[in-house]
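Colleague: Below you'll find the structure I mean.
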Amino acid sequence: MNYELIHTSSDCKARAGLLRTSHGDIPTPVFMPVGTVGSVKGIGVNTLIDDIHAKIILANTYHLYLRPGCDIIHKAGGIHKFNSFPLPMLTDSGGFQVYSLGKIRKITPQGCTFQSHIDGSRHEFTPEKVIDIQRQIGADIIMAFDECTPYPCDYKYAKNSLYITHHWLQRCFERFSSYGPLYGYSQSLFPIVQGSVYEDLRIESCREVIKYNADGYAIGGLSVGEPHEDMYRIINTCTDILPYDKPRYLMGVGTPQNILEGIERGIDMFDCVMPTRNGRNAMLFTWKGTMNMRNKKWADDFSPIDPDGKSIVDRLYTRAYLRHLFVSGELLAMQIASVHNLAFYLDLVTVARKHILEGDYKQWKSTVIDKLSVRL
RNA sequence: GGGGAAGUCGCAUAGUGGCAAUUGCAACAGACUGUAAAUCUGUCCUCUUCGGAGUUCGGUGGUUCGAGUCCACCCUUCCCCA
């Protein structure tokens with residue numbers, strides 16, 4: 001994998017780049033749709049590629065390990081063969097589940113034990129095991145096993161957790177370099193910066209992770225409920241230290257506004273369930289603001305879903321029809337909304353990239369960002 | 001014509017003398033950030049300064065300190081037998 005930094009904005013830290021992988025090139029900044037179990041919920045591969053113009057998608061180590069299991073994916077010949085997605089993929093390590101499965105997991109000296117959310121069975125994840133699983137899954141970018149700390153998180157807990165995450169990181173890289181990829185193309189392991197909202201811990205974490213000279217670096221533990229100012233402050237702290245010639249991935253972020261602020265502060269990669277989950281729950285994101293498609297006000301609005309939208313669905317269907325589908329509980333409603341939202345997110349970063357290259361990113365951002373939070 | 005059953009806040013239900021009254025659906029709003037989420041929360045008789053206030057269980061009258069609940073009559077619907 002190789003990252004080329006093409007242009008940095010003159011008035012801020014926003015960057016345009018190109019990430020080259022064995023499964024294709026990824027212009028950055030990029031938004032990566034989340035497909036936890038290897039499937040972006042409700043969306044087929046053809047739509048992802050041809051309509052949404054996704055360049056890379058995510059999957060999750062913990063979920064794929066539980067179901068269908070690593071042996072099945074290995075037998076299939078890796079995740080790309082299994083889910084028929086020919087473009088780059090990234091797997092999250094299960095670190096987020098250390099956070100989200102709070103009540104049914106336990107951090108141990110070795111790693112972390114989980115109870116399966118599917119059948120309650122007990123499983124242990126160690127840094128070594130997480131690397132082994134991700135080798136078997138075969139994503140182009142794989143993530144270190146970390147603890148995504150909750151918010152609020154007191155300093156003592158954050159510091160202790162950070163040391164565990166750093167220790168796990170070392171074990172991840174040891175395992176990762178002990179044997180190669182299984183499917184004939186290379187994989188890159190990204191470390192994850194933690195440290196909650198504490199600047200000194202974040203600085204310490206950045207300095208620690210860059211020792212591994214990785215192909216890219218992730219910032220984790222944000223967008224877990226902290227105020228946006230804290231999030232933006234920590235991003236700034238991190239992107240000041242992380243190497244300029246490697247991609248920076250802000251994990252789990254976020255709203256369209258979060259993404260534009262992240263880009264301004266030097267982030268190159270984003271992922272978030274928001275466009276798909278909120279889409280399934282009837283919320284649309286547009287350049288003019290958000291829409292709750294269940295609201296009565298759309299009942300007789302026969303205009304296109306989003307006249308500015310880039311997806312086929314934006315022009316093909318009307319707002320009144322989409323509301324009808326949501327109110328009727330039709331699966332198609334969730335599909336249309338997910339496609340629209342993902343297409344919007346991809347358009348958002350594409351337009352952002354254009355303005356970075358044109359040199360007016362910050363000025364452009366200031367003209368669009370307030371509109372994004374308007375409630376239509 | 002004879003016999004039987006039933007009418008509760010949009011619909012359907014619970015409630016057999018003691019707090020505007022159960023539950024489901026529908027309706028209307030809100031939330032959702034590396035997916036335990038096609039999920040969850042709130043409102044849902046009227047008014048309200050959010051503390052309450054006022055009117056309600058087919059209708060009218062009655063018994064009672066107190067009635068959706070008991071009594072009488074009326075109205076309406078459904079079922080069975082002719």
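Residues are named by chain letter and number: chains run A, B, ... in the order of the structure tokens, numbers start at 1 in each chain, and ligands are numbered from 1 in the order shown.
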If you run DSSP over the backbone, which residues in segment 204-363 of chain A end up alpha helix (DSSP H)? Put them as a ChimeraX atom specification.

Modeller: /A:204-209,228-241,256-264,274-280,312-316,319-327,331-358,361-363

Colleague: Got a sec to tell me which of segment 21-159 of chain A DSSP assigns to strand (DSSP E or B), as a PyMOL selection string?

Modeller: chain A and resi 21+24-28+30-34+57-60+89-92+105-107+112-115+122-125+141-143

Colleague: Tell me which of A:Thr255, A:Thr237, A:Asn83, A:Thr8 sits closest to Phe344 of chain A, counting only C-alpha atoms.

Modeller: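 Among A:Thr255, A:Thr237, A:Asn83, A:Thr8, it is A:Thr255 that comes nearest to Phe344 of chain A.
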
Colleague: Return the single residue from A:Ser186, A:Asn2, A:Asn213, A:Thr47 that is closest to Val313 of chain A, with distances computed using only C-alpha atoms.

Modeller: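 Using only C-alpha atoms, Val313 of chain A sits closest to A:Thr47.
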
Colleague: With only C-alpha atoms as the atoms that count, which of A:Val224, A:Gly120, A:Leu342, A:Ile72 lies nearest to Asn278 of chain A?

Modeller: A:Leu342

Colleague: Counting only C-alpha atoms (C1' of nucleotides), figure out which residue out of B:C79, B:G68, B:A5, B:A20 gets nearest to C45 of chain B.

Modeller: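 For C45 of chain B, the nearest of the given residues is B:A20.
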
Colleague: Which residues of chain B are close to chain A, meaning at most 7 Å apart when you count only C-alpha atoms (C1' of nucleotides), and how do they look as a PDB file with N, CA and C atoms (P, O5', C5', C4', C3', O3' and C1' of nucleotides), in the first residue's frame?

Modeller:
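Result file is selection_1.pdb:
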ATOM      1  P     C B  32     -28.481  11.980  18.223  1.00  0.00           P
ATOM      2  O5'   C B  32     -28.173  10.445  17.921  1.00  0.00           O
ATOM      3  C5'   C B  32     -27.823   9.534  18.965  1.00  0.00           C
ATOM      4  C4'   C B  32     -27.887   8.127  18.405  1.00  0.00           C
ATOM      5  C3'   C B  32     -26.856   7.867  17.312  1.00  0.00           C
ATOM      6  O3'   C B  32     -26.270   6.591  17.464  1.00  0.00           O
ATOM      7  C1'   C B  32     -29.041   7.448  16.503  1.00  0.00           C
ATOM      8  P     U B  33     -24.752   6.481  18.091  1.00  0.00           P
ATOM      9  O5'   U B  33     -23.803   7.066  16.926  1.00  0.00           O
ATOM     10  C5'   U B  33     -23.800   6.476  15.625  1.00  0.00           C
ATOM     11  C4'   U B  33     -22.464   6.763  14.961  1.00  0.00           C
ATOM     12  C3'   U B  33     -21.250   6.383  15.807  1.00  0.00           C
ATOM     13  O3'   U B  33     -20.194   5.855  15.002  1.00  0.00           O
ATOM     14  C1'   U B  33     -21.196   8.705  15.299  1.00  0.00           C
ATOM     15  P     G B  34     -20.397   4.445  14.165  1.00  0.00           P
ATOM     16  O5'   G B  34     -19.099   3.690  13.683  1.00  0.00           O
ATOM     17  C5'   G B  34     -17.866   3.830  14.445  1.00  0.00           C
ATOM     18  C4'   G B  34     -16.933   2.901  13.732  1.00  0.00           C
ATOM     19  C3'   G B  34     -17.026   1.478  14.247  1.00  0.00           C
ATOM     20  O3'   G B  34     -17.911   0.754  13.376  1.00  0.00           O
ATOM     21  C1'   G B  34     -14.784   2.273  14.390  1.00  0.00           C
ATOM     22  P     U B  35     -18.150  -0.959  13.716  1.00  0.00           P
ATOM     23  O5'   U B  35     -19.368  -1.007  14.738  1.00  0.00           O
ATOM     24  C5'   U B  35     -20.542  -0.184  14.515  1.00  0.00           C
ATOM     25  C4'   U B  35     -21.674  -0.844  15.232  1.00  0.00           C
ATOM     26  C3'   U B  35     -21.599  -2.389  15.046  1.00  0.00           C
ATOM     27  O3'   U B  35     -21.730  -3.164  16.217  1.00  0.00           O
ATOM     28  C1'   U B  35     -23.517  -1.426  13.893  1.00  0.00           C
ATOM     29  P     A B  36     -22.105  -3.150  17.583  1.00  0.00           P
ATOM     30  O5'   A B  36     -22.388  -4.700  17.897  1.00  0.00           O
ATOM     31  C5'   A B  36     -23.079  -5.066  19.038  1.00  0.00           C
ATOM     32  C4'   A B  36     -24.402  -5.654  18.663  1.00  0.00           C
ATOM     33  C3'   A B  36     -25.497  -4.586  18.639  1.00  0.00           C
ATOM     34  O3'   A B  36     -26.188  -4.495  17.396  1.00  0.00           O
ATOM     35  C1'   A B  36     -25.998  -6.361  20.162  1.00  0.00           C
ATOM     36  P     A B  38     -31.664  -3.153  12.829  1.00  0.00           P
ATOM     37  O5'   A B  38     -33.142  -2.620  12.611  1.00  0.00           O
ATOM     38  C5'   A B  38     -33.460  -1.253  12.488  1.00  0.00           C
ATOM     39  C4'   A B  38     -34.705  -1.155  11.655  1.00  0.00           C
ATOM     40  C3'   A B  38     -35.788  -2.144  12.084  1.00  0.00           C
ATOM     41  O3'   A B  38     -36.630  -1.536  13.029  1.00  0.00           O
ATOM     42  C1'   A B  38     -35.393  -2.329   9.757  1.00  0.00           C
TER      43        A B  38
END

Colleague: Which residues are close to Ala320 of chain A, i.e. within 6 Å by only C-alpha atoms (C1' of nucleotides), leaving aside same-chain residues fewer than 3 positions away? Reply as a list of chain:residue names.

Modeller: A:Trp298, A:Ala299, A:Asp300, A:Asp301, A:Phe302, A:Arg323

Colleague: Need to verify the contact set: C81 of chain B, 12 Å, only C-alpha atoms (C1' of nucleotides), exclusion of same-chain residues closer than 3 positions in sequence. Can you return it as a VMD selection string?

Modeller: chain B and resid 1 to 4

Colleague: Report the distance between atom C1' of U22 of chain B and atom C1' of U55 of chain B in Å, rounded to one decimal place.

Modeller: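 Separation between atom C1' of U22 of chain B and atom C1' of U55 of chain B: 21.2 Å.
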
Colleague: Do you know which residues are at most 7 Å from Lys288 of chain A counting only C-alpha atoms (C1' of nucleotides), after dropping those on the same chain fewer than 2 positions away, and could you put them as a VMD selection string?

Modeller: chain A and resid 286 371 to 372 374

Colleague: Kindly export the residues of the current selection with N, CA and C atoms, as a short mmCIF file (atom, residue, chain, number, x, y, z; two decimals), in the first residue's frame.

Modeller:
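Printed below is part-v1.cif as written:
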data_model
loop_
_atom_site.label_atom_id
_atom_site.label_comp_id
_atom_site.auth_asym_id
_atom_site.auth_seq_id
_atom_site.Cartn_x
_atom_site.Cartn_y
_atom_site.Cartn_z
N THR A 286 -28.71 15.93 3.50
CA THR A 286 -28.57 16.58 2.20
C THR A 286 -27.71 17.83 2.38
N LYS A 371 -25.47 25.01 6.73
CA LYS A 371 -26.66 24.47 6.07
C LYS A 371 -26.87 23.01 6.43
N LEU A 372 -25.77 22.29 6.65
CA LEU A 372 -25.88 20.84 6.87
C LEU A 372 -26.72 20.48 8.08
N VAL A 374 -29.27 22.25 9.21
CA VAL A 374 -30.66 22.75 9.13
C VAL A 374 -31.60 21.55 9.13
#

Colleague: So that I can check the surroundings of Leu346 of chain A, please list as an NGL selection string every protein, DNA and RNA residue that reaches within 12 Å of it, counting only C-alpha atoms (C1' of nucleotides) and ignoring chain neighbours fewer than 5 positions away.

Modeller: :A and (26-33 or 48-49 or 51-57 or 256 or 259 or 269-272 or 275 or 285-286 or 309-311 or 339-341 or 351-353)

Colleague: With only C-alpha atoms (C1' of nucleotides) as the atoms that count, which of B:G54, B:G42, B:G7, B:G17 lies nearest to U69 of chain B?

Modeller: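 Answer, going by the shortest atom-to-atom distance: B:G17.
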
Colleague: Could you check which of B:U16, B:U23, B:C57, B:A82 is closest to C70 of chain B, using only C-alpha atoms (C1' of nucleotides)?

Modeller: B:U16

Colleague: Work out how far apart atom CA of Ala144 of chain A and atom CA of Pro191 of chain A are and give it in Å to one decimal.

Modeller: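 Pair atom CA of Ala144 of chain A / atom CA of Pro191 of chain A returns 5.2 Å.
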
Colleague: So what do you get for atom CA of Val40 of chain A versus atom CA of Gln136 of chain A, distance-wise?

Modeller: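 Computing it gives 20.1 Å between the two atoms.
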
Colleague: I'd like the contact shell of segment 197-201 of chain A - 10 Å cut-off, only C-alpha atoms (C1' of nucleotides), skipping same-chain residues fewer than 4 positions apart - returned as a PyMOL selection string.

Modeller: chain A and resi 149+151-155+158-159+162-163+193+205-207+221-222+226-227+230-231+233-238

Colleague: Include N, CA and C atoms and write out the residues we just selected as a PDB file, in the first residue's frame.

Modeller:
ATOM      1  N   THR A 149     -11.995   3.810  24.499  1.00  0.00           N
ATOM      2  CA  THR A 149     -12.434   4.206  25.844  1.00  0.00           C
ATOM      3  C   THR A 149     -13.771   4.923  25.783  1.00  0.00           C
ATOM      4  N   TYR A 151     -16.802   7.616  27.129  1.00  0.00           N
ATOM      5  CA  TYR A 151     -16.826   9.006  27.591  1.00  0.00           C
ATOM      6  C   TYR A 151     -18.035   9.190  28.488  1.00  0.00           C
ATOM      7  N   PRO A 152     -17.904   9.815  29.635  1.00  0.00           N
ATOM      8  CA  PRO A 152     -16.649  10.331  30.180  1.00  0.00           C
ATOM      9  C   PRO A 152     -15.728   9.225  30.681  1.00  0.00           C
ATOM     10  N   CYS A 153     -14.449   9.572  30.755  1.00  0.00           N
ATOM     11  CA  CYS A 153     -13.425   8.602  31.118  1.00  0.00           C
ATOM     12  C   CYS A 153     -12.397   9.342  31.961  1.00  0.00           C
ATOM     13  N   ASP A 154     -12.230   8.947  33.209  1.00  0.00           N
ATOM     14  CA  ASP A 154     -11.302   9.727  34.049  1.00  0.00           C
ATOM     15  C   ASP A 154      -9.856   9.483  33.620  1.00  0.00           C
ATOM     16  N   TYR A 155      -9.010  10.415  34.001  1.00  0.00           N
ATOM     17  CA  TYR A 155      -7.628  10.419  33.510  1.00  0.00           C
ATOM     18  C   TYR A 155      -6.906   9.118  33.817  1.00  0.00           C
ATOM     19  N   ALA A 158      -8.087   6.380  31.562  1.00  0.00           N
ATOM     20  CA  ALA A 158      -7.625   6.606  30.194  1.00  0.00           C
ATOM     21  C   ALA A 158      -6.144   6.260  30.057  1.00  0.00           C
ATOM     22  N   LYS A 159      -5.372   6.627  31.067  1.00  0.00           N
ATOM     23  CA  LYS A 159      -3.923   6.381  31.019  1.00  0.00           C
ATOM     24  C   LYS A 159      -3.628   4.891  31.090  1.00  0.00           C
ATOM     25  N   LEU A 162      -4.660   3.254  27.939  1.00  0.00           N
ATOM     26  CA  LEU A 162      -3.725   3.582  26.852  1.00  0.00           C
ATOM     27  C   LEU A 162      -2.521   2.643  26.883  1.00  0.00           C
ATOM     28  N   TYR A 163      -2.033   2.349  28.080  1.00  0.00           N
ATOM     29  CA  TYR A 163      -0.875   1.457  28.188  1.00  0.00           C
ATOM     30  C   TYR A 163      -1.233   0.055  27.728  1.00  0.00           C
ATOM     31  N   VAL A 193      -4.463   5.468  17.736  1.00  0.00           N
ATOM     32  CA  VAL A 193      -4.143   6.407  18.812  1.00  0.00           C
ATOM     33  C   VAL A 193      -5.323   6.465  19.776  1.00  0.00           C
ATOM     34  N   SER A 205       0.502   8.948  22.905  1.00  0.00           N
ATOM     35  CA  SER A 205       0.039   7.845  22.068  1.00  0.00           C
ATOM     36  C   SER A 205       0.519   8.010  20.626  1.00  0.00           C
ATOM     37  N   CYS A 206       0.441   9.227  20.109  1.00  0.00           N
ATOM     38  CA  CYS A 206       0.919   9.480  18.745  1.00  0.00           C
ATOM     39  C   CYS A 206       2.400   9.129  18.623  1.00  0.00           C
ATOM     40  N   ARG A 207       3.175   9.567  19.618  1.00  0.00           N
ATOM     41  CA  ARG A 207       4.628   9.305  19.572  1.00  0.00           C
ATOM     42  C   ARG A 207       4.915   7.817  19.633  1.00  0.00           C
ATOM     43  N   GLY A 221     -11.409   6.344  19.694  1.00  0.00           N
ATOM     44  CA  GLY A 221     -11.882   6.833  20.992  1.00  0.00           C
ATOM     45  C   GLY A 221     -12.555   8.191  20.940  1.00  0.00           C
ATOM     46  N   LEU A 222     -12.885   8.655  19.729  1.00  0.00           N
ATOM     47  CA  LEU A 222     -13.626   9.923  19.622  1.00  0.00           C
ATOM     48  C   LEU A 222     -15.040   9.619  19.124  1.00  0.00           C
ATOM     49  N   GLU A 226     -18.316  12.851  23.575  1.00  0.00           N
ATOM     50  CA  GLU A 226     -17.610  14.046  24.051  1.00  0.00           C
ATOM     51  C   GLU A 226     -18.086  15.278  23.270  1.00  0.00           C
ATOM     52  N   PRO A 227     -17.939  16.472  23.860  1.00  0.00           N
ATOM     53  CA  PRO A 227     -18.310  17.684  23.121  1.00  0.00           C
ATOM     54  C   PRO A 227     -17.476  17.811  21.841  1.00  0.00           C
ATOM     55  N   ASP A 230     -13.979  19.206  22.034  1.00  0.00           N
ATOM     56  CA  ASP A 230     -12.966  18.250  22.491  1.00  0.00           C
ATOM     57  C   ASP A 230     -12.491  17.381  21.330  1.00  0.00           C
ATOM     58  N   MET A 231     -13.445  16.937  20.542  1.00  0.00           N
ATOM     59  CA  MET A 231     -13.108  16.086  19.402  1.00  0.00           C
ATOM     60  C   MET A 231     -12.175  16.833  18.448  1.00  0.00           C
ATOM     61  N   ARG A 233     -10.324  19.464  18.999  1.00  0.00           N
ATOM     62  CA  ARG A 233      -9.058  19.782  19.663  1.00  0.00           C
ATOM     63  C   ARG A 233      -8.116  18.569  19.601  1.00  0.00           C
ATOM     64  N   ILE A 234      -8.662  17.395  19.916  1.00  0.00           N
ATOM     65  CA  ILE A 234      -7.829  16.190  19.930  1.00  0.00           C
ATOM     66  C   ILE A 234      -7.366  15.824  18.514  1.00  0.00           C
ATOM     67  N   ILE A 235      -8.248  16.009  17.537  1.00  0.00           N
ATOM     68  CA  ILE A 235      -7.845  15.736  16.152  1.00  0.00           C
ATOM     69  C   ILE A 235      -6.638  16.605  15.796  1.00  0.00           C
ATOM     70  N   ASN A 236      -6.725  17.887  16.126  1.00  0.00           N
ATOM     71  CA  ASN A 236      -5.644  18.821  15.834  1.00  0.00           C
ATOM     72  C   ASN A 236      -4.341  18.391  16.473  1.00  0.00           C
ATOM     73  N   THR A 237      -4.443  18.006  17.741  1.00  0.00           N
ATOM     74  CA  THR A 237      -3.259  17.548  18.466  1.00  0.00           C
ATOM     75  C   THR A 237      -2.613  16.371  17.735  1.00  0.00           C
ATOM     76  N   CYS A 238      -3.435  15.437  17.312  1.00  0.00           N
ATOM     77  CA  CYS A 238      -2.914  14.227  16.689  1.00  0.00           C
ATOM     78  C   CYS A 238      -2.335  14.484  15.305  1.00  0.00           C
TER      79      CYS A 238
END
